[in-house]
file final.cif (mmCIF, C-alpha atoms)
data_run
#
loop_
_atom_site.label_atom_id
_atom_site.label_comp_id
_atom_site.auth_asym_id
_atom_site.auth_seq_id
_atom_site.Cartn_x
_atom_site.Cartn_y
_atom_site.Cartn_z
CA MET A 196 11.59 -1.77 -25.58
CA ASN A 197 15.38 -1.32 -25.28
CA GLN A 198 16.97 -3.35 -22.51
CA LYS A 199 17.84 -1.26 -19.46
CA ARG A 200 19.44 -1.94 -16.10
CA PHE A 201 17.45 -1.16 -12.95
CA LEU A 202 18.72 -1.22 -9.36
CA LEU A 203 15.78 -1.29 -6.91
CA LEU A 204 16.37 -0.45 -3.24
CA ILE A 205 14.21 -0.91 -0.14
CA ASP A 206 15.13 -1.45 3.52
CA ALA A 207 13.36 -4.82 3.81
CA LEU A 208 10.60 -6.83 2.16
CA GLY A 209 8.08 -6.85 5.02
CA SER A 210 4.34 -7.33 4.62
CA GLY A 211 3.40 -3.75 3.64
CA GLY A 212 2.01 -2.31 0.45
CA ALA A 213 5.25 -0.61 -0.65
CA GLU A 214 7.08 -3.91 -0.34
CA ARG A 215 4.50 -5.65 -2.50
CA GLN A 216 4.69 -2.88 -5.09
CA ILE A 217 8.49 -2.96 -5.43
CA GLY A 218 8.22 -6.71 -5.95
CA TYR A 219 5.67 -6.12 -8.72
CA LEU A 220 7.89 -3.45 -10.25
CA ALA A 221 10.95 -5.74 -10.25
CA ARG A 222 8.95 -8.50 -11.90
CA VAL A 223 7.28 -6.46 -14.64
CA LEU A 224 10.51 -4.63 -15.50
CA GLN A 225 12.29 -7.97 -15.83
CA GLU A 226 9.46 -9.57 -17.81
CA SER A 227 9.73 -6.63 -20.22
CA GLY A 228 13.31 -7.62 -21.05
CA ASN A 229 15.25 -5.47 -18.61
CA ILE A 230 18.04 -6.49 -16.19
CA VAL A 231 16.87 -6.00 -12.62
CA LYS A 232 18.56 -6.25 -9.22
CA LEU A 233 16.52 -5.77 -6.03
CA VAL A 234 18.55 -4.94 -2.90
CA THR A 235 17.44 -4.91 0.74
CA PHE A 236 19.47 -4.17 3.86
CA TYR A 237 17.81 -6.45 6.44
CA ASP A 238 17.72 -10.24 6.44
CA THR A 239 14.65 -10.26 8.71
CA ALA A 240 11.05 -9.16 8.03
CA ASN A 241 11.39 -10.35 4.44
CA PHE A 242 7.75 -11.37 3.96
CA TYR A 243 7.85 -11.26 0.14
CA THR A 244 11.44 -12.40 -0.54
CA ASP A 245 10.68 -16.00 -1.54
CA ASP A 246 7.70 -15.02 -3.69
CA ILE A 247 9.75 -12.47 -5.63
CA ARG A 248 12.70 -14.83 -6.06
CA ASN A 249 10.33 -17.52 -7.34
CA LYS A 250 9.46 -15.11 -10.17
CA GLY A 251 13.15 -15.13 -11.18
CA VAL A 252 14.10 -11.73 -9.75
CA ASN A 253 17.64 -11.34 -8.41
CA ILE A 254 17.46 -10.25 -4.75
CA GLU A 255 20.56 -9.36 -2.76
CA ILE A 256 20.64 -8.60 0.98
CA HIS A 257 23.47 -6.28 2.04
CA THR A 258 23.26 -6.30 5.81
CA GLU A 259 26.16 -3.86 6.20
CA GLY A 260 23.64 -1.24 5.12
CA GLN A 261 21.62 -1.75 8.31
CA ARG A 262 23.71 0.98 9.88
CA GLY A 263 22.28 4.16 8.46
CA TRP A 264 25.59 5.97 8.07
CA LYS A 265 27.00 3.07 6.03
CA ARG A 266 24.07 2.78 3.65
CA PRO A 267 25.09 5.56 1.21
CA PHE A 268 28.50 3.90 0.86
CA VAL A 269 26.87 0.54 0.14
CA ILE A 270 24.69 2.17 -2.52
CA ARG A 271 27.71 3.90 -4.11
CA ARG A 272 29.48 0.53 -4.36
CA LEU A 273 26.40 -1.17 -5.84
CA VAL A 274 26.06 1.57 -8.46
CA LYS A 275 29.71 1.26 -9.50
CA GLU A 276 29.43 -2.54 -9.77
CA PHE A 277 26.01 -2.84 -11.43
CA LYS A 278 26.10 0.36 -13.55
CA PRO A 279 22.31 0.83 -13.61
CA ASP A 280 20.47 3.09 -16.04
CA MET A 281 18.23 3.98 -13.10
CA VAL A 282 18.21 3.48 -9.34
CA ILE A 283 14.69 3.34 -7.88
CA ALA A 284 14.41 3.73 -4.09
CA TYR A 285 11.25 2.87 -2.14
CA LYS A 286 10.47 4.20 1.35
CA ASP A 287 12.33 6.81 3.34
CA GLY A 288 15.38 4.85 4.49
CA ALA A 289 16.50 3.80 1.02
CA SER A 290 15.44 7.11 -0.57
CA ILE A 291 17.36 9.31 1.88
CA ALA A 292 20.50 7.15 1.66
CA SER A 293 20.31 7.15 -2.15
CA CYS A 294 20.08 10.94 -2.27
CA ILE A 295 23.16 11.22 -0.05
CA ALA A 296 25.03 8.69 -2.22
CA LYS A 297 24.15 10.70 -5.32
CA ILE A 298 25.89 13.78 -3.93
CA PHE A 299 29.18 11.90 -4.36
CA THR A 300 28.45 9.58 -7.31
CA ARG A 301 26.78 10.26 -10.66
CA PHE A 302 23.74 8.09 -11.37
CA ARG A 303 20.10 8.58 -12.27
CA LEU A 304 17.83 8.30 -9.24
CA THR A 305 14.09 7.95 -8.79
CA VAL A 306 12.70 8.21 -5.25
CA SER A 307 9.21 6.91 -4.60
CA GLU A 308 6.78 8.48 -2.13
CA ARG A 309 4.50 5.78 -0.72
CA ASN A 310 2.12 7.68 1.56
CA THR A 311 0.58 11.11 2.07
CA THR A 312 2.62 13.37 4.37
CA GLN A 313 0.56 14.54 7.34
CA ASN A 314 3.06 16.84 9.07
CA LEU A 315 6.48 18.25 8.28
CA SER A 316 8.68 16.78 11.00
CA ILE A 317 12.41 17.44 11.03
CA LYS A 318 12.96 14.12 9.27
CA GLU A 319 10.41 14.98 6.56
CA ARG A 320 11.99 18.40 5.98
CA ALA A 321 15.43 16.81 5.69
CA LYS A 322 14.08 14.24 3.23
CA PHE A 323 12.52 16.85 0.95
CA PHE A 324 15.72 18.91 1.10
CA LEU A 325 17.70 15.87 -0.10
CA TYR A 326 15.19 15.24 -2.89
CA GLN A 327 16.80 18.08 -4.82
CA PHE A 328 19.54 15.56 -5.70
CA ALA A 329 17.10 13.03 -7.20
CA ASN A 330 16.24 13.08 -10.89
CA HIS A 331 12.63 12.04 -10.37
CA ILE A 332 10.18 12.00 -7.47
CA VAL A 333 7.37 9.49 -7.94
CA PRO A 334 4.43 9.75 -5.54
CA ASN A 335 2.09 6.79 -5.78
CA SER A 336 -0.86 9.08 -5.02
CA TYR A 337 -2.23 12.32 -6.41
CA SER A 338 -2.73 13.54 -2.85
CA GLN A 339 1.02 13.36 -2.21
CA GLY A 340 1.65 15.09 -5.53
CA ASP A 341 -0.64 17.87 -4.35
CA PHE A 342 1.23 18.05 -1.03
CA ILE A 343 4.58 18.48 -2.78
CA SER A 344 3.10 21.11 -5.11
CA GLU A 345 1.84 23.11 -2.13
CA HIS A 346 4.88 22.85 0.14
CA TYR A 347 7.79 22.33 -2.27
CA PRO A 348 6.84 23.90 -5.62
CA ARG A 349 10.50 24.01 -6.70
CA LEU A 350 10.50 20.19 -6.75
CA MET A 351 7.44 19.90 -8.99
CA ARG A 352 9.44 19.69 -12.22
CA LYS A 353 10.80 16.38 -10.89
CA VAL A 354 7.38 14.93 -9.92
CA THR A 355 5.56 12.21 -11.86
CA VAL A 356 2.59 10.49 -10.20
CA ILE A 357 2.56 6.74 -10.90
CA THR A 358 -0.25 4.97 -9.08
CA ASN A 359 0.08 1.40 -7.88
CA MET A 360 -0.12 -1.70 -10.00
CA ILE A 361 -2.38 -4.60 -9.11
CA ASP A 362 -1.61 -8.14 -10.27
CA THR A 363 -4.96 -8.68 -11.97
CA SER A 364 -4.01 -12.24 -12.89
CA ARG A 365 -3.78 -13.04 -9.17
CA PHE A 366 -6.46 -10.80 -7.65
CA THR A 367 -9.54 -12.07 -9.46
CA PRO A 368 -13.17 -12.59 -8.42
CA SER A 369 -14.42 -15.91 -7.14
CA SER A 370 -16.27 -17.92 -9.76
CA ASN A 371 -18.68 -19.46 -7.25
CA HIS A 372 -18.87 -17.23 -4.17
CA ALA A 373 -22.02 -17.59 -2.11
CA GLU A 374 -22.68 -14.88 0.46
CA ASN A 375 -22.04 -15.72 4.08
CA ASN A 376 -24.76 -15.58 6.71
CA PRO A 377 -24.07 -13.37 8.56
CA LEU A 378 -22.17 -11.20 6.06
CA ARG A 379 -18.41 -11.10 6.64
CA VAL A 380 -16.42 -7.86 6.33
CA ILE A 381 -12.66 -7.98 5.76
CA THR A 382 -10.03 -5.33 6.42
CA THR A 383 -6.33 -5.79 5.56
CA ALA A 384 -4.06 -3.22 7.20
CA ARG A 385 -1.39 -3.02 9.87
CA LEU A 386 -2.50 -2.17 13.39
CA SER A 387 -1.44 1.48 13.56
CA PRO A 388 -3.03 4.86 14.37
CA GLN A 389 -3.17 5.66 10.64
CA LYS A 390 -5.63 2.80 10.14
CA ASN A 391 -8.10 4.27 12.66
CA LEU A 392 -8.87 1.17 14.69
CA HIS A 393 -10.57 2.97 17.58
CA ASN A 394 -13.24 4.49 15.35
CA TYR A 395 -13.50 1.20 13.47
CA LEU A 396 -14.32 -0.66 16.68
CA HIS A 397 -16.81 2.00 17.76
CA ALA A 398 -18.51 1.75 14.34
CA VAL A 399 -18.88 -2.02 14.73
CA SER A 400 -20.32 -1.48 18.21
CA ILE A 401 -22.87 0.97 16.79
CA LEU A 402 -23.93 -1.57 14.15
CA ARG A 403 -24.40 -4.24 16.79
CA ASP A 404 -26.52 -1.88 18.87
CA ARG A 405 -28.67 -1.24 15.77
CA GLY A 406 -29.36 -4.98 15.59
CA ILE A 407 -27.29 -5.55 12.44
CA ASP A 408 -25.58 -8.95 12.46
CA MET A 409 -22.23 -8.91 10.64
CA ARG A 410 -18.80 -10.40 11.32
CA PHE A 411 -15.51 -8.52 10.94
CA ASP A 412 -12.07 -9.97 10.22
CA TRP A 413 -8.93 -7.77 10.34
CA TYR A 414 -5.71 -9.10 8.77
CA GLY A 415 -2.55 -7.19 9.67
CA ASP A 416 0.47 -7.15 11.92
CA SER A 417 1.27 -4.82 14.79
CA SER A 418 5.02 -4.88 14.08
CA GLY A 419 6.31 -1.34 13.74
CA SER A 420 3.32 0.13 15.58
CA LEU A 421 3.41 1.71 19.01
CA GLN A 422 2.98 -0.92 21.71
CA ASP A 423 0.75 1.42 23.70
CA TYR A 424 -1.53 1.86 20.68
CA HIS A 425 -1.79 -1.87 20.09
CA GLU A 426 -2.68 -2.42 23.75
CA SER A 427 -5.29 0.34 23.62
CA VAL A 428 -6.94 -1.34 20.61
CA MET A 429 -7.08 -4.69 22.37
CA TYR A 430 -8.46 -3.02 25.51
CA LEU A 431 -11.22 -1.26 23.55
CA HIS A 432 -12.00 -4.50 21.70
CA SER A 433 -12.60 -6.17 25.05
CA LYS A 434 -14.37 -3.21 26.67
CA LEU A 435 -16.91 -2.98 23.84
CA LYS A 436 -17.49 -6.76 24.07
CA LEU A 437 -16.66 -7.38 20.43
CA ASN A 438 -14.77 -10.65 20.89
CA ASP A 439 -17.46 -12.64 19.02
CA ILE A 440 -17.83 -10.04 16.26
CA VAL A 441 -14.31 -8.77 15.44
CA THR A 442 -11.38 -11.16 14.99
CA PHE A 443 -7.77 -10.07 14.45
CA TYR A 444 -5.37 -12.16 12.36
CA SER A 445 -1.73 -11.78 11.33
CA SER A 446 -0.83 -10.90 7.74
CA ILE A 447 -0.95 -13.82 5.31
CA LYS A 448 0.53 -14.24 1.84
CA ASP A 449 -2.51 -15.69 0.05
CA ILE A 450 -4.78 -12.82 1.07
CA GLU A 451 -6.67 -13.06 -2.23
CA GLN A 452 -8.30 -16.25 -0.92
CA GLN A 453 -9.65 -14.31 2.03
CA TYR A 454 -10.97 -11.53 -0.19
CA ARG A 455 -12.88 -14.12 -2.20
CA SER A 456 -14.37 -15.76 0.88
CA HIS A 457 -15.68 -12.48 2.35
CA ASP A 458 -18.62 -10.33 1.29
CA ILE A 459 -17.55 -6.71 1.87
CA PHE A 460 -14.22 -4.87 2.24
CA LEU A 461 -13.72 -1.94 4.63
CA LEU A 462 -10.73 0.44 4.88
CA PRO A 463 -11.33 2.92 7.74
CA SER A 464 -8.02 4.85 7.56
CA GLN A 465 -7.36 8.36 8.80
CA TYR A 466 -5.18 8.94 5.72
CA GLU A 467 -3.71 6.92 2.87
CA GLY A 468 -1.57 7.22 -0.21
CA PHE A 469 -2.94 5.08 -3.03
CA PRO A 470 -4.16 2.08 -0.99
CA ASN A 471 -3.11 -1.26 -2.44
CA VAL A 472 -5.52 -3.23 -0.32
CA LEU A 473 -8.57 -1.32 -1.49
CA CYS A 474 -7.59 -1.96 -5.11
CA GLU A 475 -6.87 -5.63 -4.44
CA ALA A 476 -10.27 -6.12 -2.84
CA MET A 477 -11.98 -4.34 -5.74
CA ALA A 478 -10.07 -6.49 -8.24
CA CYS A 479 -11.40 -9.56 -6.39
CA GLY A 480 -14.94 -8.34 -6.98
CA LEU A 481 -15.76 -7.17 -3.47
CA PRO A 482 -18.13 -4.27 -2.82
CA CYS A 483 -15.96 -1.84 -0.86
CA ILE A 484 -16.26 0.93 1.72
CA ALA A 485 -13.45 3.37 2.54
CA THR A 486 -13.05 6.63 4.37
CA ALA A 487 -13.11 9.74 2.18
CA VAL A 488 -9.38 10.46 2.44
CA CYS A 489 -6.59 11.09 -0.06
CA ASP A 490 -6.70 8.86 -3.16
CA SER A 491 -9.40 6.58 -1.78
CA ARG A 492 -11.80 9.26 -3.06
CA ARG A 493 -10.39 8.88 -6.58
CA ILE A 494 -10.62 5.08 -6.52
CA LEU A 495 -14.09 4.77 -4.99
CA THR A 496 -16.14 7.50 -6.65
CA ASP A 497 -19.56 6.57 -5.24
CA GLU A 498 -20.26 8.80 -2.22
CA ARG A 499 -22.51 6.15 -0.70
CA PHE A 500 -19.44 4.05 0.06
CA LEU A 501 -17.20 6.82 1.42
CA ALA A 502 -17.31 7.61 5.14
CA ASP A 503 -15.94 10.28 7.47
CA PRO A 504 -12.87 8.80 9.22
CA ASN A 505 -13.55 10.88 12.35
CA SER A 506 -17.13 9.66 12.73
CA PRO A 507 -17.86 6.08 13.81
CA GLU A 508 -21.51 6.80 12.98
CA SER A 509 -20.57 7.65 9.37
CA ILE A 510 -18.60 4.42 9.02
CA ALA A 511 -21.50 2.49 10.55
CA ASP A 512 -23.99 4.21 8.20
CA ALA A 513 -22.00 3.18 5.11
CA LEU A 514 -21.81 -0.39 6.36
CA GLU A 515 -25.53 -0.46 7.12
CA TYR A 516 -26.33 0.89 3.66
CA MET A 517 -24.23 -1.87 2.08
CA TYR A 518 -25.82 -4.46 4.38
CA ARG A 519 -29.35 -3.50 3.29
CA LEU A 520 -28.63 -3.84 -0.43
CA SER A 521 -29.77 -7.07 -2.08
CA PRO A 522 -27.16 -9.74 -2.90
CA GLN A 523 -27.65 -8.95 -6.58
CA GLU A 524 -26.94 -5.26 -5.99
CA ARG A 525 -23.77 -6.05 -4.07
CA GLN A 526 -22.72 -8.40 -6.86
CA LEU A 527 -23.15 -5.65 -9.47
CA ILE A 528 -21.09 -3.24 -7.36
CA GLY A 529 -18.33 -5.86 -7.09
CA ALA A 530 -18.31 -6.42 -10.85
CA HIS A 531 -18.04 -2.66 -11.43
CA ASN A 532 -15.11 -2.53 -8.97
CA THR A 533 -13.26 -5.29 -10.83
CA ALA A 534 -13.64 -3.50 -14.16
CA ARG A 535 -12.44 -0.21 -12.68
CA ILE A 536 -9.24 -1.73 -11.23
CA ASN A 537 -8.46 -3.60 -14.46
CA GLU A 538 -8.50 -0.21 -16.18
CA LEU A 539 -6.90 1.90 -13.44
CA CYS A 540 -4.02 -0.35 -12.27
CA SER A 541 -2.69 -1.99 -15.43
CA PRO A 542 0.71 -3.72 -14.97
CA LEU A 543 1.71 -2.75 -18.52
CA GLU A 544 1.12 0.97 -17.95
CA PHE A 545 2.90 0.77 -14.58
CA CYS A 546 6.02 -0.66 -16.25
CA LYS A 547 5.92 1.80 -19.17
CA LYS A 548 5.73 4.83 -16.88
CA TYR A 549 8.74 3.78 -14.81
CA SER A 550 10.76 2.83 -17.90
CA ALA A 551 10.04 6.23 -19.43
CA LEU A 552 11.83 7.96 -16.53
CA THR A 553 15.20 6.67 -17.76
#
call {"tool": "encode", "arguments": {"input": "final.cif", "output": "structure tokens"}}
result
Amino acid sequence: MNQKRFLLLIDALGSGGAERQIGYLARVLQESGNIVKLVTFYDTANFYTDDIRNKGVNIEIHTEGQRGWKRPFVIRRLVKEFKPDMVIAYKDGASIASCIAKIFTRFRLTVSERNTTQNLSIKERAKFFLYQFANHIVPNSYSQGDFISEHYPRLMRKVTVITNMIDTSRFTPSSNHAENNPLRVITTARLSPQKNLHNYLHAVSILRDRGIDMRFDWYGDSSGSLQDYHESVMYLHSKLKLNDIVTFYSSIKDIEQQYRSHDIFLLPSQYEGFPNVLCEAMACGLPCIATAVCDSRRILTDERFLADPNSPESIADALEYMYRLSPQERQLIGAHNTARINELCSPLEFCKKYSALT
């Protein structure tokens, strides 16, 4: 592979899936012999910064770019200094600013779509208008590719779907896991309306009323979510008397250890892009349940483990079905999940596809 120069841009390196993916991308591009610089604009909420730097990736924080109107000028300066073969922008802030910078400076630009658009707000319409200045648009999900095809067919010649990479050397099954009694179910997701916490809590309440004894652990932060929504979740948690059944934790870096110590993974989202956490849990050998939305349906192909996000009863039914399987059956499902992710989310293919865009 010929050595190339990549400038990667993202607002901050918080605890989300996009932030983890850009860290993976920086690492695999560099390990493949390329020169990589990763730039953020905030010196707070940098959950992954130390981990990425420890892999030898050059990270720069340009705080003058915190002001939105200044960010395109910061990007123009970085391009002139670094002379990248490709700029890759993750998330809306960096993508929009990069498109504006490209109006005034010649460089090759890839913008990455990290979720599935649910409604065309003024901001979304402005973003897709600016995407005409990008060279490539990379959704991480086929559902977002379908959305662009339907609403912005003139952009389709720029679209290449590249699904997420999973670090399959890190997210591996436990060699000696013994099932918990009662079974423990893990969810890793921020506390936001997208993640469907009200229906999740109602589903757990239904299971309890059916006499099914399970424990539920949710790992994720409420930062960036609406305060009213967070309060409503905590109120419902108390109202349904789930304090001894559902426990909420903050995001942690070594989440793979928690995957390995649990028995089942659940992702109850209203919508997704290509969900990192579902793939990570599958790579760790967990039997998994998700709602039948967006690319979750492509990742989990067994209808028994796909639920209706709008129906707590459907989510509860999928959990009960998994609960009533034998330990050996759950173990076989977990082994199948690991094999599927090793094939679907290869780091090598992830790197090759991005490199080919240059």
call {"tool": "closest_residue", "arguments": {"input": "final.cif", "among": "A:Ala530, A:Val356, A:Leu437, A:Ile205", "to": "Ala292 in chain A", "atoms": "only C-alpha atoms"}}
result
A:Ile205
call {"tool": "residues_near_point", "arguments": {"input": "final.cif", "point": "(4.3, 5.2, -18.0)", "cutoff": "12 Å", "atoms": "all atoms listed in the file", "output": "PyMOL selection string"}}
result
chain A and resi 224+333+355-360+540-553
call {"tool": "residues_around", "arguments": {"input": "final.cif", "residues": "Ser433 in chain A", "least_positions_apart": "6", "cutoff": "12 Å", "atoms": "all atoms listed in the file", "output": "list in words"}}
result
His393, Leu396, His397, Ser400, Glu426, Ser427, Asp439, Ile440, Val441 and Thr442 of chain A
call {"tool": "residues_around", "arguments": {"input": "final.cif", "residues": "Leu304 in chain A", "least_positions_apart": "2", "cutoff": "6 Å", "atoms": "all atoms listed in the file", "output": "count of residues only"}}
result
4
call {"tool": "residues_near_point", "arguments": {"input": "final.cif", "point": "(-7.1, -7.9, -10.4)", "cutoff": "8 Å", "atoms": "only C-alpha atoms", "output": "ChimeraX atom specification"}}
result
/A:361-368,474-475,477-479,533,536-537
call {"tool": "decode", "arguments": {"input": "final.cif", "residues": "range 380-422 of chain A", "atoms": "C-alpha atoms", "output": "compact mmCIF listing (two decimals), in the first residue's frame"}}
result
# COMPACT_ATOMS: atom_id res chain seq x y z
CA VAL A 380 -28.62 -8.48 30.80
CA ILE A 381 -26.35 -5.63 29.72
CA THR A 382 -27.13 -2.58 27.60
CA THR A 383 -24.50 0.00 26.59
CA ALA A 384 -25.97 3.23 25.23
CA ARG A 385 -26.33 6.87 26.20
CA LEU A 386 -29.49 7.88 28.03
CA SER A 387 -31.40 9.54 25.20
CA PRO A 388 -34.84 9.25 23.55
CA GLN A 389 -33.24 7.40 20.62
CA LYS A 390 -32.34 4.54 22.96
CA ASN A 391 -35.98 4.01 24.00
CA LEU A 392 -35.55 3.81 27.76
CA HIS A 393 -39.24 4.20 28.62
CA ASN A 394 -40.24 1.11 26.65
CA TYR A 395 -37.16 -0.69 27.97
CA LEU A 396 -38.24 -0.10 31.56
CA HIS A 397 -41.82 -1.14 30.81
CA ALA A 398 -40.51 -4.35 29.19
CA VAL A 399 -38.50 -5.18 32.32
CA SER A 400 -41.59 -4.52 34.44
CA ILE A 401 -43.61 -6.92 32.26
CA LEU A 402 -40.96 -9.63 32.71
CA ARG A 403 -41.02 -9.19 36.47
CA ASP A 404 -44.80 -9.47 36.49
CA ARG A 405 -44.47 -12.73 34.52
CA GLY A 406 -42.31 -14.10 37.33
CA ILE A 407 -39.07 -14.07 35.32
CA ASP A 408 -36.05 -13.27 37.48
CA MET A 409 -33.35 -11.37 35.57
CA ARG A 410 -31.08 -8.41 36.37
CA PHE A 411 -30.44 -5.50 34.02
CA ASP A 412 -27.38 -3.24 33.89
CA TRP A 413 -27.30 -0.12 31.66
CA TYR A 414 -23.93 1.53 30.96
CA GLY A 415 -24.12 5.00 29.42
CA ASP A 416 -23.95 8.69 30.16
CA SER A 417 -26.73 11.26 30.08
CA SER A 418 -24.41 14.04 28.86
CA GLY A 419 -25.85 15.62 25.74
CA SER A 420 -29.35 14.31 26.46
CA LEU A 421 -32.32 16.43 27.44
CA GLN A 422 -32.42 16.95 31.19
